[in-house]
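Here is the file model.cif (mmCIF, C-alpha atoms and all ligand atoms).
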data_protein
#
loop_
_atom_site.label_atom_id
_atom_site.label_comp_id
_atom_site.auth_asym_id
_atom_site.auth_seq_id
_atom_site.Cartn_x
_atom_site.Cartn_y
_atom_site.Cartn_z
CA MET A 1 -7.49 11.40 2.21
CA LYS A 2 -11.24 11.30 1.66
CA PHE A 3 -13.47 9.90 4.42
CA PHE A 4 -16.44 7.72 3.52
CA ALA A 5 -18.85 6.42 6.16
CA ASP A 6 -19.37 2.66 5.99
CA THR A 7 -22.99 2.55 7.11
CA ALA A 8 -26.62 2.81 6.03
CA ASP A 9 -27.64 4.51 9.29
CA ILE A 10 -29.26 7.84 8.40
CA ALA A 11 -28.76 9.42 11.85
CA ASP A 12 -25.02 8.63 11.83
CA ILE A 13 -24.59 9.91 8.25
CA THR A 14 -26.49 13.13 9.07
CA GLU A 15 -24.26 13.77 12.10
CA LEU A 16 -21.03 13.16 10.16
CA ALA A 17 -22.20 15.33 7.26
CA ALA A 18 -22.60 18.24 9.71
CA THR A 19 -18.92 17.97 10.70
CA GLY A 20 -17.79 18.54 7.11
CA LEU A 21 -15.79 15.32 7.29
CA LEU A 22 -18.03 13.24 5.08
CA ASP A 23 -16.86 12.76 1.49
CA GLY A 24 -19.13 9.83 0.62
CA VAL A 25 -20.81 6.68 1.91
CA THR A 26 -20.37 2.97 1.31
CA THR A 27 -23.06 0.37 1.88
CA ASN A 28 -23.15 -3.38 1.40
CA PRO A 29 -25.93 -5.99 1.68
CA SER A 30 -25.06 -6.66 5.34
CA LEU A 31 -25.31 -2.95 6.22
CA ILE A 32 -28.65 -2.69 4.38
CA HIS A 33 -29.90 -5.67 6.40
CA LYS A 34 -28.70 -4.00 9.60
CA SER A 35 -30.56 -0.78 8.71
CA GLY A 36 -33.85 -2.67 8.40
CA ARG A 37 -34.74 -0.34 5.50
CA LYS A 38 -35.68 -0.95 1.86
CA PHE A 39 -32.48 -0.85 -0.22
CA VAL A 40 -33.52 1.65 -2.91
CA GLU A 41 -35.27 3.93 -0.40
CA VAL A 42 -32.37 4.13 2.04
CA VAL A 43 -29.80 4.70 -0.74
CA ALA A 44 -31.98 7.52 -2.13
CA GLU A 45 -32.09 9.11 1.32
CA ILE A 46 -28.31 8.77 1.79
CA CYS A 47 -27.66 10.34 -1.63
CA LYS A 48 -29.44 13.50 -0.47
CA LEU A 49 -27.15 13.79 2.57
CA THR A 50 -23.87 13.90 0.64
CA ASP A 51 -22.72 15.12 -2.77
CA GLY A 52 -20.02 12.44 -2.70
CA PRO A 53 -20.23 8.91 -4.09
CA VAL A 54 -22.68 6.52 -2.40
CA SER A 55 -21.82 2.88 -3.08
CA ALA A 56 -24.75 0.54 -3.71
CA GLU A 57 -23.85 -3.10 -4.27
CA VAL A 58 -25.30 -5.48 -6.86
CA VAL A 59 -26.20 -8.93 -5.56
CA ALA A 60 -26.35 -10.93 -8.81
CA LEU A 61 -23.38 -13.10 -9.70
CA ASP A 62 -23.76 -13.02 -13.51
CA HIS A 63 -22.93 -10.05 -15.71
CA PRO A 64 -26.32 -9.62 -17.48
CA THR A 65 -28.25 -9.57 -14.18
CA MET A 66 -25.62 -7.32 -12.55
CA MET A 67 -26.24 -4.85 -15.41
CA LYS A 68 -30.01 -5.01 -14.83
CA GLU A 69 -29.54 -4.34 -11.11
CA ALA A 70 -27.05 -1.54 -11.82
CA GLU A 71 -29.58 0.05 -14.17
CA ILE A 72 -32.09 0.34 -11.31
CA LEU A 73 -29.51 1.48 -8.77
CA ARG A 74 -27.84 4.16 -10.88
CA LYS A 75 -31.21 5.78 -11.58
CA ILE A 76 -31.57 6.55 -7.85
CA ALA A 77 -29.27 9.61 -8.02
CA ASP A 78 -26.31 11.01 -9.95
CA ASN A 79 -23.93 10.25 -7.07
CA VAL A 80 -24.67 6.52 -6.90
CA CYS A 81 -21.53 4.42 -7.37
CA ILE A 82 -22.23 0.83 -8.39
CA LYS A 83 -20.39 -1.71 -6.25
CA VAL A 84 -19.44 -5.01 -7.90
CA PRO A 85 -17.52 -8.01 -6.56
CA LEU A 86 -14.02 -8.82 -7.78
CA THR A 87 -15.03 -11.66 -10.12
CA ILE A 88 -14.87 -12.02 -13.90
CA ASP A 89 -18.55 -11.08 -14.19
CA GLY A 90 -18.02 -8.24 -11.74
CA LEU A 91 -15.21 -6.81 -13.83
CA LYS A 92 -17.20 -7.21 -17.08
CA THR A 93 -19.87 -5.13 -15.37
CA CYS A 94 -17.23 -2.67 -14.16
CA LYS A 95 -15.91 -2.19 -17.70
CA ALA A 96 -19.37 -1.75 -19.22
CA LEU A 97 -20.52 0.74 -16.56
CA SER A 98 -17.24 2.70 -16.55
CA ASP A 99 -17.40 3.01 -20.35
CA GLU A 100 -20.85 4.57 -19.90
CA GLY A 101 -19.50 7.07 -17.35
CA THR A 102 -20.96 5.42 -14.24
CA MET A 103 -18.80 5.30 -11.10
CA VAL A 104 -17.84 1.77 -10.05
CA ASN A 105 -16.45 0.51 -6.75
CA VAL A 106 -14.87 -2.96 -7.08
CA THR A 107 -15.22 -4.64 -3.71
CA LEU A 108 -13.91 -7.69 -1.85
CA CYS A 109 -10.32 -7.15 -2.99
CA PHE A 110 -7.76 -9.24 -1.10
CA SER A 111 -4.70 -9.17 -3.36
CA ALA A 112 -2.65 -6.62 -5.28
CA ASN A 113 -3.14 -8.62 -8.47
CA GLN A 114 -6.90 -8.34 -8.02
CA ALA A 115 -6.46 -4.58 -7.63
CA LEU A 116 -4.45 -4.51 -10.87
CA LEU A 117 -7.31 -6.28 -12.68
CA ALA A 118 -9.87 -3.80 -11.33
CA ALA A 119 -7.80 -0.81 -12.46
CA LYS A 120 -7.45 -2.31 -15.94
CA ALA A 121 -11.24 -2.75 -16.03
CA GLY A 122 -11.63 0.99 -15.38
CA ALA A 123 -12.77 0.91 -11.73
CA THR A 124 -13.32 4.29 -10.10
CA PHE A 125 -12.49 2.76 -6.70
CA ILE A 126 -10.85 -0.45 -5.54
CA SER A 127 -11.86 -1.63 -2.08
CA PRO A 128 -9.18 -3.75 -0.35
CA PHE A 129 -10.58 -5.09 2.96
CA VAL A 130 -7.78 -4.52 5.47
CA GLY A 131 -9.64 -5.68 8.60
CA ARG A 132 -10.72 -9.01 7.13
CA HIS A 133 -7.20 -9.43 5.73
CA ASP A 134 -5.71 -8.92 9.23
CA ASP A 135 -8.33 -11.24 10.78
CA ASN A 136 -7.06 -14.06 8.57
CA GLY A 137 -3.39 -13.65 9.40
CA PHE A 138 -2.40 -11.44 6.45
CA ASP A 139 -1.02 -7.90 6.63
CA GLY A 140 -3.78 -5.56 5.44
CA MET A 141 -1.54 -2.49 5.26
CA LYS A 142 1.10 -4.34 3.21
CA LEU A 143 -1.68 -4.92 0.68
CA ILE A 144 -2.39 -1.17 0.57
CA GLU A 145 1.33 -0.42 0.12
CA ASP A 146 1.56 -2.90 -2.77
CA ILE A 147 -1.51 -1.50 -4.52
CA ARG A 148 -0.23 2.09 -4.09
CA LEU A 149 3.11 1.08 -5.66
CA ILE A 150 1.49 -0.69 -8.61
CA TYR A 151 -1.05 2.06 -9.30
CA ASP A 152 1.70 4.71 -9.15
CA ASN A 153 4.00 2.63 -11.41
CA TYR A 154 1.41 2.74 -14.19
CA ALA A 155 -0.41 5.99 -13.30
CA PHE A 156 -3.74 4.21 -12.88
CA GLU A 157 -6.46 6.67 -11.89
CA THR A 158 -8.43 4.10 -9.87
CA GLU A 159 -8.67 5.38 -6.29
CA ILE A 160 -7.59 3.12 -3.43
CA LEU A 161 -10.54 2.97 -1.02
CA VAL A 162 -9.33 1.30 2.15
CA ALA A 163 -12.26 -0.76 3.47
CA SER A 164 -13.01 -3.01 6.44
CA VAL A 165 -11.34 -0.38 8.65
CA ARG A 166 -11.61 -1.39 12.29
CA HIS A 167 -9.70 1.20 14.33
CA PRO A 168 -7.85 4.56 14.20
CA ILE A 169 -4.46 2.93 13.51
CA HIS A 170 -5.84 1.59 10.22
CA VAL A 171 -6.78 5.18 9.29
CA LEU A 172 -3.35 6.52 10.27
CA GLU A 173 -1.44 3.84 8.35
CA ALA A 174 -3.66 4.24 5.27
CA ALA A 175 -3.04 8.00 5.29
CA LYS A 176 0.74 7.51 5.66
CA ILE A 177 0.78 5.16 2.68
CA GLY A 178 -1.20 7.67 0.62
CA ALA A 179 -4.47 5.80 0.14
CA ASP A 180 -6.99 8.03 -1.63
CA VAL A 181 -10.01 7.18 0.52
CA MET A 182 -10.89 5.22 3.61
CA THR A 183 -14.33 4.00 4.59
CA ALA A 184 -15.03 3.27 8.23
CA PRO A 185 -17.96 2.72 10.57
CA PRO A 186 -19.07 6.03 12.18
CA ALA A 187 -17.74 4.84 15.57
CA VAL A 188 -14.20 4.58 14.14
CA ILE A 189 -14.44 8.05 12.54
CA LYS A 190 -15.64 9.48 15.88
CA ALA A 191 -12.79 7.70 17.70
CA LEU A 192 -10.32 9.78 15.66
CA PHE A 193 -11.32 12.80 17.77
CA ASN A 194 -10.32 11.14 21.03
CA HIS A 195 -7.22 12.03 22.99
CA VAL A 196 -6.86 11.90 26.76
CA LEU A 197 -4.81 15.12 26.77
CA THR A 198 -7.57 16.98 24.89
CA ASP A 199 -10.08 15.89 27.55
CA LYS A 200 -7.64 16.76 30.35
CA GLY A 201 -6.90 20.14 28.78
CA ILE A 202 -10.58 21.04 28.49
CA ALA A 203 -11.20 20.04 32.12
CA GLY A 204 -8.24 22.18 33.30
CA PHE A 205 -9.24 25.25 31.30
CA LEU A 206 -12.87 25.01 32.44
CA ALA A 207 -11.85 24.67 36.09
CA ASP A 208 -9.75 27.86 35.85
CA TRP A 209 -12.46 29.66 33.86
CA GLU A 210 -15.00 28.94 36.60
CA LYS A 211 -12.65 30.60 39.10
CA THR A 212 -12.75 33.85 37.07
CA GLY A 213 -16.52 34.10 37.75
CA GLN A 214 -17.03 35.33 34.15
CA THR A 215 -19.41 34.26 31.34
CA ILE A 216 -19.07 34.84 27.60
CA VAL A 217 -22.80 34.88 26.75
C1 LIG B 301 -16.83 -1.43 2.43
O1 LIG B 301 -17.18 -1.07 1.35
C2 LIG B 301 -17.10 -2.75 3.00
O2 LIG B 301 -18.42 -3.07 2.76
C3 LIG B 301 -16.81 -2.79 4.46
O3 LIG B 301 -15.75 -1.90 4.77
C4 LIG B 301 -16.63 -4.17 5.03
O4 LIG B 301 -16.24 -4.06 6.37
P1 LIG B 301 -16.28 -5.30 7.39
O5 LIG B 301 -15.17 -6.22 7.06
O6 LIG B 301 -16.11 -4.67 8.73
O7 LIG B 301 -17.64 -5.94 7.20
#

What's the structure tokens form of this structure?
Ligand code: E4P
Amino acid sequence: MKFFADTADIADITELAATGLLDGVTTNPSLIHKSGRKFVEVVAEICKLTDGPVSAEVVALDHPTMMKEAEILRKIADNVCIKVPLTIDGLKTCKALSDEGTMVNVTLCFSANQALLAAKAGATFISPFVGRHDDNGFDGMKLIEDIRLIYDNYAFETEILVASVRHPIHVLEAAKIGADVMTAPPAVIKALFNHVLTDKGIAGFLADWEKTGQTIV
């Protein structure tokens, strides 16, 4: 499963890139706001930190203006992936951009039928929001299971990008289902390293090592 970082924070992206874990980045208007940076500038900077897809979201609601915005965004770098909402105009934009060979991430997906529509429109990625689904009393991982089944039934190439990931269990469940990608805030990716027995093991080994009186360097 590929790991994307769901952030526009350059320091966090730089740190994750150094671990070799980073396969791409997703941003959205809220994350751009949080970064306090100019949209085009920060996306350009992120694109230099990873060879993987970097999602940049259009904000227009109509197809012609979405295309104009996408035109500006896709010129930033070859690895920009245009993010569009799951609406009729969003999918018209998805179809037009995909036909031209531009990567498209269809976002704000909350049903398997919506995911089916996005695949038929040629989406590179579909982004079902599991956390927001759970928050509203639905089962986010059931949605991922349903999309996996449907995409496999028809051999759609659209990749399932599990979004709105809130904790390590979301990552585990998404991987068990066979999602292609997950995007998570850096704090959730870092939490995957944590285990009390790892910490306890290190402490025990270091205590015994100290008793040997040796050094390696
Ligand atoms: C990803 O592309 C989405 O922008 C993101 O995962 C949304 O997450 P949230 O529900 O935590 O805002």

Checklist outcome for this item: Expressed in Å, the length from atom CA of A:His63 to atom C4 of ligand LIG 301 (chain B) is 22.5 Å

Next on the checklist: When you look at stretch 56-61 of chain A with a cut-off of 6 Å (counting all atoms listed in the file), what residues show up, excluding the ones that are within fewer than 4 positions of it in the same chain? I need them as a ChimeraX atom specification.
Outcome noted: /A:27-28,65-66,82-84

Item to check | Given 10 Å and only C-alpha atoms and all ligand atoms, residues near ligand LIG 301 (chain B) as a VMD selection string | outcome: chain A and resid 4 to 7 25 to 31 55 to 57 83 105 to 108 126 to 133 135 161 to 166 182 to 185

Checklist entry - If I put a ball of radius 12 Å at (-3.6, 5.5, -16.3) in the file's coordinates, which residues poke into it when counting all atoms listed in the file, written as a PyMOL selection string? => result chain A and resi 116+119-124+150-159

Item to check | Top pick for closest residue to A:Val181, considering A:Arg148, A:Phe138, A:Leu16, A:Asn79 and counting all atoms listed in the file | outcome: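 The closest residue to A:Val181 is A:Arg148.
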
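If you look at atom CA of A:Val80 and atom CA of A:Ala187, they are 23.6 Å away from each other.
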